[in-house]
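Chemist: Before I ask anything, here is the structure I am working with.
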Amino acid sequence: MRMVALLALVLTLIGCTGTASGLRIAGSTSLQPVMERLAEGYRKAGGGRVIVQGGGTTAGVQAVLAGVAGLGAASRRLTAAESEQGLVEHIIAWDVLTVVVHPDNPVGRRGLTLAQLQALFRGEVTDWATVGGAPGPVHLVTREAGSGSREAFRSLVGPVSPRAIVQNSAGGIRMTVMGDPRAIGYVSLGVARMGGVVAVPIDGKRPGEPGYPLVRPLSLVTLGPPRGEAAAFLRYIRSPEARRLIMEEGLVPE
Amino acid sequence: MRGLTGRLRREAAVHALLLTAALSASLAVLLIAIFVTAEGWPALAALPGAEWNPEEGRFGVRALVWGSLAVTAGALLLAVPAGVGMALFLTEVAPPSLGLLMRPLLQALAGVPSVVYGFVGLQVLVPAIRERLGGPGFSVLAGAVVLAVMILPTIAAVAEDALRAVPAAYREGAAALGATPWQIARRILLPAARSGLATAVVLGLGRALGETMAVMMVTGNVAAPPRSVLDPVRTLTGNIAMEMGYAAGRHRAALFASGALLLAMVMAVNGLARRVGR
């Protein structure tokens, strides 16, 4: 299925090269929203046209290798095999996954270990008392299949019980957790900071602190050192204006 | 003479126009059915499975069908007695002035966008269920209550028409024999209006089965068969709405296939409506 998606993406990209010019970014769907904003900001700042496409990290990396995209958007580190082919990653931001609970939940103050978090979301720990909370059933809240946050959670924490309540937006998760003292969910740091919920320290570290385990680098990938338009776009991303856009998307700029 | 042919020609033109309109409407339904089935074809065989887990490539919709049926059945259980009761009240008990007040209110209820029902359900109903009855609040019950409110106007309006269609002589005859109003309603009116009432139920059923947004907001969308009315569920419609944004390949085909299944279910319900309506 991956291959088919990849093939479809590559074909689309090839199909497009004749008709549209400009820098092409393909890859991770989690990066798509922020990339689109950065592309817009880049154009307003006097840069050229940037076309943003999804398809997933692997497809984006393959598109860069095939020369049909100038930049690949990756929500994971490059594999050794990918680096050996001459790909270079440029980390542009950090996605800080934040585990949130109701303000009345003592776990919000005491924190959880990564192992406790994993056991909770696997559905093995079903009572808050087991992990230092007030006795009562745990209400897991997760995102829908295909969402970038869910994918990040699965890769950083692990599997999620099929009995978890599913909300199809970060706002939905925040609202659910705000209203339910027994709920636990995960959102990006930006959403967690909107209030009403408490970010749970993991392994003694608060989200945003060095050493907090639930972070993943978001990077742009080039084939060899960046040149031309790609280099200019990467320079723009380091600008204060671009860093502000990145923060507005709930990410932490590099 | 010329006037007559002119009129006939105009008649023919209107005839053709109406025929085109009718054909395009039915053709649209047919095309949608064909498209949805064709797109879903590759995943049709996977549907009978028990587990919906796109990340693992499993596309069984059994739990989702149960979810849809559970929420719909709950909604009917709540809305049918209320709707028929309301219709009985309006036709048999209420003074005409009260009916004039209530009918527009019922119609207004039918005009509220479903997302508004969902939002109210999310803000009021879900917390209330969580605090009073337990569980996460997102539940079969929440979905059923929201749907019941949504289908109530349909059921009440169709049931009222059915009851009004019962000849006055039936009522008068029964009253002359000394039957109480309750006896008249139960023994005469409801049996006499049976087919119309059944149509009301089936129309409500169809609407409940197809509703998406409001249900998705309050049911918690867990793709596992519910063990109680306080457990969360996912419906077929909610599943499509939630995952279509990302789906590709077999996942996308599976969503189309579940759409085809839903279409078949709604068509079956409509067929049922025509049969019982006769």
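Ordering of the structure tokens sets the chain letters (A, B, ...), residue numbers begin anew at 1 in every chain, and ligands are numbered from 1 in the order given.
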Which residues are near segment 128-142 of chain B? Cut-off 7 Å, only C-alpha atoms, ignore same chain within fewer than 5 positions. Put them as a PyMOL selection string.
Modeler: (chain A and resi 139) or (chain B and resi 70-71+218-220+229-233)
Chemist: What residues in chain B have any atom no more than 6 Å from chain A when counting only C-alpha atoms, and can you write them as JSON, numbers by chain?
Modeler: {"B": [220, 221, 222, 246]}
Chemist: How would the residues just chosen look if you wrote them out with N, CA and C atoms as a PDB file, in the first residue's frame?
Modeler:
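Result went into selection-v4.pdb, see below:
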ATOM      1  N   GLY B 220     -18.155   9.223  21.133  1.00  0.00           N
ATOM      2  CA  GLY B 220     -16.822   8.775  21.536  1.00  0.00           C
ATOM      3  C   GLY B 220     -16.079   7.958  20.497  1.00  0.00           C
ATOM      4  N   ASN B 221     -16.805   7.432  19.499  1.00  0.00           N
ATOM      5  CA  ASN B 221     -16.186   6.812  18.319  1.00  0.00           C
ATOM      6  C   ASN B 221     -15.217   5.669  18.597  1.00  0.00           C
ATOM      7  N   VAL B 222     -15.540   4.833  19.543  1.00  0.00           N
ATOM      8  CA  VAL B 222     -14.720   3.650  19.784  1.00  0.00           C
ATOM      9  C   VAL B 222     -15.213   2.523  18.882  1.00  0.00           C
ATOM     10  N   TYR B 246      -7.665  11.221   5.523  1.00  0.00           N
ATOM     11  CA  TYR B 246      -6.321  10.660   5.380  1.00  0.00           C
ATOM     12  C   TYR B 246      -6.282   9.410   4.515  1.00  0.00           C
TER      13      TYR B 246
END
Chemist: Using Å and a single decimal, report how far atom CA of Phe35 of chain B sits from atom CA of Arg274 of chain B.
Modeler: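 Computing it gives 25.3 Å between the two atoms.
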Chemist: Would you mind listing what lies within 8 Å of segment 111-114 of chain B as JSON, numbers by chain, with only C-alpha atoms counted and same-chain residues fewer than 6 positions away left out?
Modeler: {"B": [150, 213, 214]}
Chemist: I need the residues of segment 3-119 of chain B that end up classed as strand (DSSP E) by DSSP on the backbone, written out as a ChimeraX atom specification.
Modeler: /B:52-53,58-59
Chemist: Create the file for the chosen residues now, containing C-alpha atoms and written as a PDB file, in the first residue's frame.
Modeler:
ATOM      1  CA  TRP B  52     -11.710  -2.022  12.294  1.00  0.00           C
ATOM      2  CA  ASN B  53      -8.047  -1.133  12.535  1.00  0.00           C
ATOM      3  CA  ARG B  58      -8.060  -4.634   9.106  1.00  0.00           C
ATOM      4  CA  PHE B  59     -11.324  -3.247   7.788  1.00  0.00           C
TER       5      PHE B  59
END
Chemist: Distance atom CA of Gly171 of chain A-atom CA of Ala63 of chain B, one decimal place?
Modeler: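 Pair atom CA of Gly171 of chain A / atom CA of Ala63 of chain B returns 26.2 Å.
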Chemist: Write out as a PyMOL selection string all residues of segment 106-236 of chain B that backbone DSSP assigns to helix (DSSP H, G or I).
Modeler: chain B and resi 106-111+114-132+140-164+168-176+181-192+194-210+213-219+236
Chemist: Measure the distance from atom CA of Gly57 of chain B to atom CA of Val36 of chain B in Å and round it to one decimal.
Modeler: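 A separation of 20.2 Å between them.
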Chemist: Near segment 44-50 of chain B, counting only C-alpha atoms, which residues have an atom at most 10 Å away, once you skip same-chain residues fewer than 5 positions from it, shown as a list in words?
Modeler: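 That gives Thr37, Ala38, Glu39, Gly57, Arg58, Phe59, Gly60, Val61, Arg62, Ala63, Leu64, Val65, Ala223, Ala224, Pro225, Arg250, Ala253, Ala254, Leu255, Phe256, Ala257, Ser258, Ala260 and Leu261 of chain B.
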Chemist: List the spatial neighbours of Val198 of chain A as an MDAnalysis selection string - criterion: any atom at most 9 Å away, only C-alpha atoms, same-chain residues fewer than 4 positions off excluded.
Modeler: chainID A and resid 99:105 108:109 178 192:193
Chemist: Can you pull out every residue within 8 Å of segment 160-177 of chain B, counting only C-alpha atoms, but drop anything in the same chain fewer than 6 positions away, and send it as a PyMOL selection string?
Modeler: chain B and resi 84+87-88+90-91+184+188-190+192-193+195-197
Chemist: Which neighbours of Met247 of chain A fall inside 10 Å, counting only C-alpha atoms, when residues of the same chain fewer than 6 positions from it are skipped, and could you give them as a list of chain:residue names?
Modeler: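 Listing them by chain and then by number gives A:Val34, A:Ala93, A:Trp94, A:Leu189, A:Gly190, A:Pro253.
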